[in-house]
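Everything on this sheet refers to the single structure shown next.
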Amino acid sequence: MAAAAALLALAAVGAGSLLDLRTPAPKPADAPAGTFSAGRAYEDVQVIAARSHVAGSPANEQVRAHLEQQLRGLGLETEVQDTVAPEAGQLSGAAGGATVARVRNVVARLPGTDPTGRVFLVAHYDSVQTGPGGNDDAAGTSTILEVARALTTGPRPRNDIVFVLTDAEEACLCGASAFAASHPLAADGGVVLNLEARGSTGPVIMFETSRNNAKLVDIFGRAAPHPVGTSFAVEIYRALPNDTDFTAFLDQKFVGLNSAYIDGGAIYHTPLDTPSAMDRGSLQQHGDNALGLAREFGGTDLTDLRSGHDATYFPVPGGLVRYPGWLTVPLALLAVAGVAALGWLTRRSGRASTGRLAAGFALTLVPIVAAPVAAQLLWLAITTIRPGYAELLDPYRPIWYRLAVLALATAILFTWYALTRRRIGPAALAVGGLAWLALLGVLLAEAVPGGAYLATLPALAGALGGLVALRTRQTGPWPVVAVTAAAAVGVVILLPTVVLLFPALGMAMGGVAALVAVLLGLVALPVVDLLHPQAGGQRGLLALRARRLSVVPAGAAAVAAVVLAGVGLAVDRFDATHPAPTHLMYAMDAGTGQARWLSHESDPQPWTDGYVDEVTRIDDDFPGITSDDLRAGPAQAANLPAPKLEVISDATASGERTLRLRLTPQRAVRVATLHVDTSTATVLRAEVAGRPVSAEQGGRRWGFGVVFHAPPPEGVEVTLVLGPRGVPVELRVMDASDGLDALPGFRPRPPAVGVLGSHTSEMLAVARTYSL
């Protein structure tokens with residue numbers, strides 16, 4: 001009865017924790033004027049994501065015109081910031097050079113009544129070339145339009161609210177960089193709320209903040225109707241090379257919060273990212289939170305939102321737990337002390353000897369290591385059977401694989417427990433599990449402070465629960481209540497973490513979720529032991545039967561893992577609505593007339609395999625694409641012109657040669673590049689469209705490069721100041737458009753073959769070398 005009651009209690013706590021992650025029901029288009037309506041916002045999604053609208057394209061101009069019309073229709077001061085801007089963050093990437101873009105940001109302002117600062121709602125309105133951006137980022141853009149409408153229907157806020165819809169985010173974050181660095185409204189900084197999407201469904205997670213975020217997090221916890229976010233996610237994201245528009249604002253010392261929904265990542269940046277793919281509950285949560293935060297920050301004194309420290313925080317049913325980050329180390333040490341006290345009392349009470357406590361600690365490392373390793377091996381086996389998964393953030397229908405990983409972790413934990421319980425004893429194993437959690441908490445407190453709560457708080461709760469259980473073991477149900485309450489703390493903290501980790505990291509890193517699942521199991525070991533057949537202390541034949549029964553849960557979990565993985569393979573097949581991702585591009589040298597098909601696929605799909613047959617590097621011929629190894633195959637030369645390079649002026653003074661050049665695409669393109677052979681000239685200084693850019697040079701042949709996204713039809717002026725090296729100087733120019741259908745030799749994809757969400761998928765590049 002105690003086991004059943006404990007199990008039901010933990011199941012109820014777990015269900016409550018997971019239900020709290022659900023998205024709200026979308027409100028219809030006739031919802032009250034002062035509220036956010038996903039129904040109204042979705043009407044804008046359908047316009048914005050009607051087709052792919054990469055920066056600089058006619059389709060993007062149509063989207064921009066719609067945004068201007070909507071904002072001006074609300075009576076807001078609206079303008080278009082039309083400028084050339086550098087990249088933000090670390091996205092020079094493939095071209096190995098300075099990146100700039102022509103951007104046209106849509107900016108509108110709702111003036112405050114007595115401003116103490118400005119609140120900026122930010123989203124990007126451009127899409128990738130491979131998809132219409134129904135979620136990324138029509139979700140954020142439409143949310144801002146609907147929030148602007150809701151704010152204009154009520155009393156004006158105290159602070160200015162600025163709506164910033166940026167251009168060229170997908171290319172280089174250049175729109176956000178232009179606004180944050182040079183727009184007059186951004187001169188004094190402010191609070192930024194950036195809205196993103198990296199999937200099609202799931203809860204909206206506040207996954208990134210500025211430094212010293214305690215006051216911001218406190219406002220988020222109070223003002224967001226559906227606050228989902230963890231300090232662990234912030235720590236992880238800060239360590240990753242990923243960037244959003246938020247990066248550009250952080251570079252300019254703004255403060256703020258970055259939010260996105262991330263589940264359903266298989267459609268990210270693909271043709272499947274259409275309005276119909278959007279979960280309108282996720283859109284509703286985006287809007288509810290953005291509107292609540294805009295109103296709260298709109299009425300708050302913004303003069304000092306920096307706290308001097310980061311907060312630790314995580315979601316619980318009904319809200320967000322948060323406490324000062326400076327408590328991280330003291331709590332970690334307290335957890336260590338609590339577990340040490342539990343170990344001492346366990347030995348003193350005769351529940352385990354010192355040797356068994358040491359053995360329990362050592363043996364607990366087995367499931368901690370084995371579960372994540374097994375999860376990674378499981379995914380390796382699945383991707384061997386279904387190699388197309390390697391190119392996706394997540395499978396189209398990942399739930400079966402996620403459950404398989406959890407079943408596998410459960411099987412390993414139960415097997416380990418069944419094999420060690422009789423020799424080591426349940427008390428020693430329970431203390432050993434808590435000891436590893438406490439130790440992990442100390443390590444995280446030093447390395448990843450915002451994630452220390454994941455181990456510290458369950459260890460501390462487990463230690464307190466164990467101490468209470470040992471002190472009250474003769475007083476009725478209280479020992480069971482104590483260990484169940486301690487396990488409930490672990491469930492509240494770790495179960496949502498497991499659920500959120502799967503979409504955040506993808507199945508390729510499912511081992512991380514398996515690790516957290518094992519930590520949750522270790523916290524719950526005393527409750528697990530209540531369910532164990534030997535818990536009553538049987539002897540003789542009963543003990544033998546109990547030992548045999550003890551392997552049943554482990555065996556059932558192992559069978560479940562295999563069955564669930566098999567169901568996943570059977571259910572999640574590639575078909576016309578869930579196509580296998582493929583990557584293909586075309587590159588031609590207009591000077592030699594040679595052309596090649598190229599692919600990033602390491603293990604090409606059958607369709608791609610018909611184009612490429614060998615591994616090669618192309619950075620000597622196409623430095624504007626990549627320096628990585630690619631698959632390549634011969635292609636027919638197309639009748640396409642190379643970009644034109646004209647000399648505006650060529651002067652030498654004081655040993656420096658100044659070249660003013662104009663690079664003009666001869667067709668509609670998405671990007672143009674220029675690279676200098678640094679064996680023929682040293683680049684001392686450079687300007688692109690009158691803007692100074694870095695003259696940093698690499699060790700490759702084309703060591704200096706500039707990349708210009710969304711180049712205007714009249715071309716781009718580039719000024720190079722060269723050191724004395726020799727004459728002539730060799731320059732390699734390239735431009736790239738999108739779409740392979742009209743190329744000779746191209747065979748359309750079959751229905752079950754799709755396009756990989758890559759910035760070079762479907763790219764058509766033409767290059768030529770000029771000698772000056």
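FYI, nothing fancy with the structure tokens labels: chains A, B, ... in order, residues from 1 per chain, ligands from 1 as they appear.
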
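The protein and nucleic acid residues lying at most 9 Å from range 559-569 of chain A are Leu378, Ile382, Ile385, Arg386, Arg397, Pro398, Ile399, Trp400, Tyr401, Arg402, Leu403, Ala404, Val405, Leu406, Ala407, Leu408, Ala409, Ala411 and Ala554 of chain A, with only C-alpha atoms considered and sequence neighbours fewer than 5 positions away removed.
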
Mind checking which residues fall within 9 Å of range 332-344 of chain A, counting only C-alpha atoms, ignoring those fewer than 2 positions away in the same chain, and posting them as a PDB file with C-alpha atoms, in the first residue's frame?
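Just written: out-v2.pdb:
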```pdb
ATOM      1  CA  LEU A 327      23.340  30.960  -3.456  1.00  0.00           C
ATOM      2  CA  THR A 328      24.572  28.342  -5.927  1.00  0.00           C
ATOM      3  CA  VAL A 329      27.832  27.426  -4.188  1.00  0.00           C
ATOM      4  CA  PRO A 330      26.451  27.532  -0.617  1.00  0.00           C
ATOM      5  CA  THR A 346      22.922   5.328   7.784  1.00  0.00           C
ATOM      6  CA  ARG A 347      26.092   3.679   9.123  1.00  0.00           C
ATOM      7  CA  ARG A 348      25.310   4.557  12.734  1.00  0.00           C
ATOM      8  CA  SER A 349      21.809   3.093  12.456  1.00  0.00           C
ATOM      9  CA  ALA A 352      25.009   0.002   5.885  1.00  0.00           C
ATOM     10  CA  THR A 354      31.398   1.985   5.656  1.00  0.00           C
ATOM     11  CA  LEU A 357      28.604   2.880   1.485  1.00  0.00           C
ATOM     12  CA  ALA A 427      20.429   2.182   1.858  1.00  0.00           C
ATOM     13  CA  ALA A 428      24.015   2.230   0.564  1.00  0.00           C
ATOM     14  CA  VAL A 431      23.214   7.258  -0.379  1.00  0.00           C
ATOM     15  CA  GLY A 432      25.623   6.564  -3.258  1.00  0.00           C
ATOM     16  CA  LEU A 434      22.668  11.159  -3.712  1.00  0.00           C
ATOM     17  CA  ALA A 435      26.426  11.487  -3.260  1.00  0.00           C
ATOM     18  CA  LEU A 437      24.221  14.167  -7.357  1.00  0.00           C
ATOM     19  CA  ALA A 438      25.810  16.318  -4.670  1.00  0.00           C
ATOM     20  CA  LEU A 439      29.243  15.989  -6.291  1.00  0.00           C
ATOM     21  CA  LEU A 440      27.793  16.849  -9.688  1.00  0.00           C
ATOM     22  CA  GLY A 441      26.125  19.878  -8.093  1.00  0.00           C
ATOM     23  CA  VAL A 442      29.511  21.149  -6.881  1.00  0.00           C
ATOM     24  CA  LEU A 443      31.069  20.632 -10.311  1.00  0.00           C
ATOM     25  CA  LEU A 444      28.206  22.434 -12.026  1.00  0.00           C
ATOM     26  CA  ALA A 445      28.345  25.256  -9.494  1.00  0.00           C
ATOM     27  CA  ALA A 452      23.750  23.403 -10.628  1.00  0.00           C
ATOM     28  CA  TYR A 453      20.168  23.293  -9.333  1.00  0.00           C
ATOM     29  CA  ALA A 455      21.768  18.152  -9.103  1.00  0.00           C
ATOM     30  CA  THR A 456      22.035  20.246  -5.946  1.00  0.00           C
ATOM     31  CA  LEU A 457      18.351  20.618  -5.084  1.00  0.00           C
ATOM     32  CA  PRO A 458      17.397  16.943  -5.645  1.00  0.00           C
ATOM     33  CA  ALA A 459      20.466  15.869  -3.638  1.00  0.00           C
ATOM     34  CA  LEU A 460      19.600  18.238  -0.807  1.00  0.00           C
ATOM     35  CA  ALA A 461      15.956  17.147  -0.799  1.00  0.00           C
ATOM     36  CA  GLY A 462      16.992  13.485  -0.893  1.00  0.00           C
ATOM     37  CA  ALA A 463      19.383  13.948   1.996  1.00  0.00           C
ATOM     38  CA  LEU A 464      16.736  15.690   4.118  1.00  0.00           C
ATOM     39  CA  GLY A 466      16.547  10.268   4.111  1.00  0.00           C
ATOM     40  CA  LEU A 467      17.436  11.870   7.433  1.00  0.00           C
ATOM     41  CA  LEU A 470      15.857   7.267   9.414  1.00  0.00           C
TER      42      LEU A 470
END
```

Q) Could you pull out the alpha helix (DSSP H) residues of range 522-710 of chain A from DSSP and send them as a PyMOL selection string? A) chain A and resi 522-523+525-531+540-571+606-609

Q | Residue among A:Leu772, A:Thr247, A:Phe163, A:Gly112 lying closest to Arg72 in chain A, counting only C-alpha atoms | A | A:Phe163

Q: Name the residues in contact with range 38-55 of chain A at a cut-off of 6 Å, using only C-alpha atoms, excluding same-chain residues fewer than 4 positions from it; report them as a list in words.
A: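 Final neighbour list, sorted by chain and number: Pro26, Lys27, Pro28, Ala29, Ala59, Asn60, Val63, Asp126, Ser127, Val128, Gln129, Gly131, Pro132, Gly133, Gly134, Ala138, Ser142, Glu146, Ala168, Pro275, Leu283, Gln284 and Ala710 of chain A.
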
Dump as a PDB file, in the first residue's frame, selection limited to C-alpha atoms:
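In the end it all went to again.pdb:
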```
ATOM      1  CA  PRO A  26      -5.342  29.616 -29.225  1.00  0.00           C
ATOM      2  CA  LYS A  27      -7.785  32.508 -28.997  1.00  0.00           C
ATOM      3  CA  PRO A  28     -10.053  33.155 -31.993  1.00  0.00           C
ATOM      4  CA  ALA A  29      -9.973  36.193 -34.245  1.00  0.00           C
ATOM      5  CA  ALA A  59       9.011  38.501 -52.293  1.00  0.00           C
ATOM      6  CA  ASN A  60      10.736  40.085 -49.297  1.00  0.00           C
ATOM      7  CA  VAL A  63       6.383  41.238 -47.054  1.00  0.00           C
ATOM      8  CA  ASP A 126      13.147  37.479 -43.909  1.00  0.00           C
ATOM      9  CA  SER A 127      13.179  33.727 -44.523  1.00  0.00           C
ATOM     10  CA  VAL A 128      15.766  31.276 -45.769  1.00  0.00           C
ATOM     11  CA  GLN A 129      15.910  30.471 -49.473  1.00  0.00           C
ATOM     12  CA  GLY A 131      11.443  27.659 -47.160  1.00  0.00           C
ATOM     13  CA  PRO A 132       8.746  30.270 -46.573  1.00  0.00           C
ATOM     14  CA  GLY A 133       9.492  30.658 -42.861  1.00  0.00           C
ATOM     15  CA  GLY A 134       5.996  29.925 -41.576  1.00  0.00           C
ATOM     16  CA  ALA A 138       6.616  34.574 -39.328  1.00  0.00           C
ATOM     17  CA  SER A 142       3.089  38.241 -36.648  1.00  0.00           C
ATOM     18  CA  GLU A 146      -0.672  41.583 -32.962  1.00  0.00           C
ATOM     19  CA  ALA A 168      18.812  39.624 -43.334  1.00  0.00           C
ATOM     20  CA  PRO A 275       1.801  28.384 -42.100  1.00  0.00           C
ATOM     21  CA  LEU A 283       1.826  31.144 -31.321  1.00  0.00           C
ATOM     22  CA  GLN A 284      -0.670  32.014 -28.577  1.00  0.00           C
ATOM     23  CA  ALA A 710      21.186  41.095 -50.936  1.00  0.00           C
TER      24      ALA A 710
END
```

Q | Shell around Arg64 in chain A at 9 Å using only C-alpha atoms, local window under 5 positions removed, as a count of residues only | A | 10

Q) Which residue out of A:Ala4, A:Leu720, A:Cys174, A:Val693 has the minimum interatomic distance to Arg660 in chain A when only C-alpha atoms are used? A)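 Of A:Ala4, A:Leu720, A:Cys174, A:Val693, the one nearest Arg660 in chain A is A:Leu720, counting only C-alpha atoms.
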
Q. Using only C-alpha atoms, which residue out of A:Phe297, A:Phe220, A:Phe232, A:Phe622 lies closest to Ile161 in chain A?
A.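 Between A:Phe297, A:Phe220, A:Phe232, A:Phe622, the residue approaching Ile161 in chain A most closely is A:Phe297.
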
**Q.** Pick from A:Leu731, A:Ala651, A:Ala469, A:Asp613, whichever lies nearest to Ala681 in chain A using only C-alpha atoms
**A.** A:Leu731

Q | Selection near Gly388 in chain A, 9 Å with only C-alpha atoms, sequence-local residues under 6 positions removed, as number ranges by chain | A | A: 574, 580-582, 603-605

Q: Identify which of the residues A:Pro227, A:Gly73, A:Gly319, A:Gly154 lies closest to His286 in chain A, counting only C-alpha atoms when measuring atom-to-atom distances.
A: A:Pro227
